[in-house]
file model.txt (compact mmCIF, N, CA and C atoms and all ligand atoms)
# COMPACT_ATOMS: atom_id res chain seq x y z
N MET A 3 0.84 -1.18 0.00
CA MET A 3 0.00 0.00 0.00
C MET A 3 0.89 1.25 0.00
N ILE A 4 0.60 2.17 -0.90
CA ILE A 4 1.34 3.43 -0.95
C ILE A 4 0.87 4.33 0.19
N VAL A 5 1.79 4.80 1.00
CA VAL A 5 1.47 5.68 2.12
C VAL A 5 1.72 7.14 1.73
N CYS A 6 2.84 7.38 1.08
CA CYS A 6 3.19 8.73 0.63
C CYS A 6 3.19 8.75 -0.89
N HIS A 7 2.22 9.45 -1.45
CA HIS A 7 2.10 9.49 -2.91
C HIS A 7 3.13 10.43 -3.54
N CYS A 8 3.53 11.46 -2.82
CA CYS A 8 4.52 12.39 -3.37
C CYS A 8 5.86 11.68 -3.64
N ALA A 9 6.28 10.85 -2.68
CA ALA A 9 7.58 10.18 -2.80
C ALA A 9 7.44 8.71 -3.16
N VAL A 10 6.20 8.26 -3.37
CA VAL A 10 5.90 6.85 -3.67
C VAL A 10 6.58 5.93 -2.65
N VAL A 11 6.18 6.13 -1.40
CA VAL A 11 6.69 5.32 -0.29
C VAL A 11 5.57 4.40 0.18
N SER A 12 5.86 3.12 0.24
CA SER A 12 4.85 2.14 0.64
C SER A 12 5.02 1.77 2.11
N SER A 13 4.02 1.06 2.65
CA SER A 13 4.12 0.58 4.03
C SER A 13 5.29 -0.39 4.17
N ARG A 14 5.61 -1.10 3.11
CA ARG A 14 6.77 -2.01 3.15
C ARG A 14 8.08 -1.21 3.34
N HIS A 15 8.20 -0.08 2.65
CA HIS A 15 9.39 0.78 2.82
C HIS A 15 9.50 1.24 4.27
N ILE A 16 8.37 1.59 4.87
CA ILE A 16 8.38 2.07 6.26
C ILE A 16 8.79 0.94 7.20
N THR A 17 8.24 -0.25 6.97
CA THR A 17 8.60 -1.40 7.81
C THR A 17 10.09 -1.71 7.67
N GLU A 18 10.61 -1.61 6.46
CA GLU A 18 12.04 -1.86 6.24
C GLU A 18 12.89 -0.83 6.98
N ALA A 19 12.43 0.43 6.99
CA ALA A 19 13.17 1.47 7.71
C ALA A 19 13.19 1.18 9.20
N LEU A 20 12.06 0.70 9.73
CA LEU A 20 11.99 0.35 11.16
C LEU A 20 12.91 -0.81 11.47
N ARG A 21 12.87 -1.82 10.61
CA ARG A 21 13.75 -2.98 10.83
C ARG A 21 15.22 -2.60 10.65
N GLY A 22 15.45 -1.54 9.88
CA GLY A 22 16.81 -1.08 9.66
C GLY A 22 17.33 -0.15 10.74
N GLY A 23 16.48 0.12 11.76
CA GLY A 23 16.96 0.88 12.90
C GLY A 23 16.32 2.23 13.11
N ALA A 24 15.37 2.64 12.26
CA ALA A 24 14.69 3.92 12.49
C ALA A 24 13.93 3.84 13.80
N ARG A 25 14.01 4.88 14.62
CA ARG A 25 13.43 4.84 15.95
C ARG A 25 12.45 5.97 16.24
N SER A 26 11.99 6.65 15.21
CA SER A 26 10.97 7.68 15.39
C SER A 26 10.27 7.90 14.05
N VAL A 27 9.11 8.52 14.11
CA VAL A 27 8.38 8.81 12.87
C VAL A 27 9.22 9.73 11.99
N SER A 28 9.85 10.72 12.60
CA SER A 28 10.65 11.65 11.80
C SER A 28 11.84 10.94 11.16
N GLU A 29 12.43 9.97 11.86
CA GLU A 29 13.56 9.23 11.28
C GLU A 29 13.07 8.34 10.13
N VAL A 30 11.89 7.75 10.29
CA VAL A 30 11.31 6.95 9.20
C VAL A 30 11.10 7.84 7.98
N CYS A 31 10.59 9.04 8.21
CA CYS A 31 10.33 9.97 7.10
C CYS A 31 11.65 10.36 6.42
N ARG A 32 12.66 10.62 7.22
CA ARG A 32 13.97 11.01 6.67
C ARG A 32 14.56 9.88 5.83
N ARG A 33 14.48 8.66 6.36
CA ARG A 33 15.08 7.52 5.65
C ARG A 33 14.33 7.15 4.38
N THR A 34 12.99 7.28 4.40
CA THR A 34 12.20 6.84 3.25
C THR A 34 11.89 7.97 2.27
N GLY A 35 11.96 9.20 2.74
CA GLY A 35 11.58 10.34 1.91
C GLY A 35 10.12 10.70 2.04
N ALA A 36 9.38 9.95 2.89
CA ALA A 36 7.96 10.25 3.10
C ALA A 36 7.80 11.56 3.86
N ALA A 37 6.67 12.21 3.63
CA ALA A 37 6.27 13.43 4.35
C ALA A 37 7.28 14.57 4.19
N GLN A 38 8.01 14.59 3.12
CA GLN A 38 8.99 15.65 2.88
C GLN A 38 8.48 16.72 1.92
N SER A 39 7.30 16.47 1.33
CA SER A 39 6.78 17.42 0.35
C SER A 39 5.52 18.10 0.88
N CYS A 40 4.33 17.56 0.57
CA CYS A 40 3.09 18.21 1.01
C CYS A 40 2.80 17.94 2.48
N GLY A 41 3.28 16.81 2.99
CA GLY A 41 3.13 16.49 4.42
C GLY A 41 1.80 15.87 4.81
N THR A 42 0.88 15.69 3.88
CA THR A 42 -0.44 15.16 4.25
C THR A 42 -0.39 13.69 4.67
N CYS A 43 0.70 13.00 4.39
CA CYS A 43 0.80 11.58 4.70
C CYS A 43 1.37 11.30 6.08
N VAL A 44 1.76 12.31 6.82
CA VAL A 44 2.48 12.07 8.07
C VAL A 44 1.66 11.25 9.06
N PHE A 45 0.34 11.43 9.09
CA PHE A 45 -0.49 10.64 10.01
C PHE A 45 -0.58 9.19 9.56
N SER A 46 -0.58 8.98 8.25
CA SER A 46 -0.57 7.60 7.73
C SER A 46 0.76 6.93 8.04
N VAL A 47 1.85 7.67 7.94
CA VAL A 47 3.17 7.12 8.30
C VAL A 47 3.15 6.72 9.77
N ARG A 48 2.64 7.61 10.62
CA ARG A 48 2.57 7.33 12.05
C ARG A 48 1.73 6.07 12.32
N GLN A 49 0.63 5.92 11.58
CA GLN A 49 -0.24 4.76 11.77
C GLN A 49 0.52 3.47 11.44
N VAL A 50 1.28 3.47 10.36
CA VAL A 50 2.05 2.27 9.99
C VAL A 50 3.09 1.97 11.06
N VAL A 51 3.72 3.01 11.61
CA VAL A 51 4.70 2.81 12.68
C VAL A 51 4.02 2.20 13.90
N CYS A 52 2.85 2.71 14.27
CA CYS A 52 2.12 2.17 15.43
C CYS A 52 1.70 0.73 15.18
N GLU A 53 1.27 0.41 13.98
CA GLU A 53 0.88 -0.97 13.67
C GLU A 53 2.08 -1.90 13.79
N HIS A 54 3.25 -1.41 13.41
CA HIS A 54 4.48 -2.20 13.54
C HIS A 54 4.72 -2.53 15.02
N VAL A 55 4.55 -1.54 15.88
CA VAL A 55 4.74 -1.74 17.31
C VAL A 55 3.69 -2.71 17.84
N ASP A 56 2.42 -2.53 17.42
CA ASP A 56 1.33 -3.39 17.88
C ASP A 56 1.55 -4.85 17.47
N ARG A 57 2.20 -5.07 16.35
CA ARG A 57 2.44 -6.44 15.88
C ARG A 57 3.66 -7.07 16.54
N GLY A 58 4.22 -6.37 17.51
CA GLY A 58 5.34 -6.94 18.24
C GLY A 58 6.70 -6.50 17.73
N GLY A 59 6.70 -5.49 16.88
CA GLY A 59 7.99 -4.94 16.43
C GLY A 59 8.66 -4.21 17.56
N ASP A 60 9.85 -3.75 17.33
CA ASP A 60 10.58 -3.02 18.36
C ASP A 60 9.76 -1.84 18.85
N PRO A 61 9.63 -1.68 20.16
CA PRO A 61 8.92 -0.52 20.67
C PRO A 61 9.65 0.77 20.31
N ILE A 62 8.91 1.74 19.86
CA ILE A 62 9.49 3.02 19.48
C ILE A 62 8.83 4.07 20.34
N GLU A 63 9.65 4.77 21.11
CA GLU A 63 9.13 5.70 22.10
C GLU A 63 8.09 6.65 21.53
N GLU A 64 8.40 7.28 20.42
CA GLU A 64 7.48 8.28 19.86
C GLU A 64 6.17 7.63 19.44
N ALA A 65 6.26 6.44 18.84
CA ALA A 65 5.06 5.75 18.37
C ALA A 65 4.20 5.33 19.54
N VAL A 66 4.83 4.83 20.59
CA VAL A 66 4.08 4.40 21.77
C VAL A 66 3.37 5.61 22.39
N ARG A 67 4.10 6.72 22.47
CA ARG A 67 3.51 7.96 23.02
C ARG A 67 2.33 8.42 22.18
N ALA A 68 2.46 8.36 20.86
CA ALA A 68 1.40 8.83 19.96
C ALA A 68 0.16 7.96 20.05
N ALA A 69 0.35 6.66 20.33
CA ALA A 69 -0.77 5.75 20.36
C ALA A 69 -1.51 5.78 21.69
N SER A 70 -0.89 6.33 22.71
CA SER A 70 -1.54 6.30 24.04
C SER A 70 -2.39 7.54 24.27
S1 LIG A 101 1.82 12.50 0.27
FE1 LIG A 101 3.64 12.33 1.43
S2 LIG A 101 4.60 14.26 1.23
FE2 LIG A 101 2.83 14.41 0.01

call {"tool": "encode", "arguments": {"input": "model.txt", "output": "structure tokens"}}
result
Amino acid sequence: MIVCHCAVVSSRHITEALRGGARSVSEVCRRTGAAQSCGTCVFSVRQVVCEHVDRGGDPIEEAVRAAS
């Protein structure tokens, strides 16, 4: 699923960034190029990060804070 249409970033790209060591939504955006243009996708990026945490991925402080 494409999350950021401006940079054509998919949920798979975001998951790969998390598995590669990204530890915040902003770091995921920096690594993938998401949310660097119009910015309307930032909440969708955050949702994918939270889903990663919910599925048992590495806990990410910012994501956990955003979901609570
Ligand atoms: S849709 Fe992601 S920056 Fe525009």

call {"tool": "select_by_dssp", "arguments": {"input": "model.txt", "residues": "region 20-67 of chain A", "states": "alpha helix (DSSP H)", "output": "PyMOL selection string"}}
result
chain A and resi 20-21+27-34+44-56+63-67

call {"tool": "residues_near_ligand", "arguments": {"input": "model.txt", "ligand": "ligand LIG 101 (chain A)", "cutoff": "12 Å", "atoms": "only C-alpha atoms and all ligand atoms", "output": "list in words"}}
result
Ile4, Val5, Cys6, His7, Cys8, Ala9, Val10, Val11, Ser12, Cys31, Arg32, Thr34, Gly35, Ala36, Ala37, Gln38, Ser39, Cys40, Gly41, Thr42, Cys43, Val44, Phe45, Ser46, Val47 and Arg48 of chain A

call {"tool": "atom_distance", "arguments": {"input": "model.txt", "atom1": "CA of Val30 (chain A)", "atom2": "CA of Ile16 (chain A)"}}
result
6.4 Å

call {"tool": "atom_distance", "arguments": {"input": "model.txt", "atom1": "atom N of Ser13 (chain A)", "atom2": "atom N of Val55 (chain A)"}}
result
13.5 Å

call {"tool": "select_by_dssp", "arguments": {"input": "model.txt", "residues": "chain A", "states": "strand (DSSP E or B)", "output": "PyMOL selection string"}}
result
chain A and resi 4-6+11-12

call {"tool": "atom_distance", "arguments": {"input": "model.txt", "atom1": "atom N of Ser28 (chain A)", "atom2": "atom N of Cys52 (chain A)"}}
result
10.8 Å

call {"tool": "residues_around", "arguments": {"input": "model.txt", "residues": "Leu20 (chain A)", "least_positions_apart": "5", "cutoff": "8 Å", "atoms": "all atoms listed in the file", "output": "PyMOL selection string"}}
result
chain A and resi 14-15+25-26+29-30+51+60

call {"tool": "axis_aligned_box", "arguments": {"input": "model.txt", "around": "region 5-22 of chain A", "padding_each_side": "6 Å", "output": "lines of an AutoDock Vina configuration file"}}
result
center_x = 9.4
center_y = 4.7
center_z = 3.9
size_x = 27.9
size_y = 27.4
size_z = 27.1
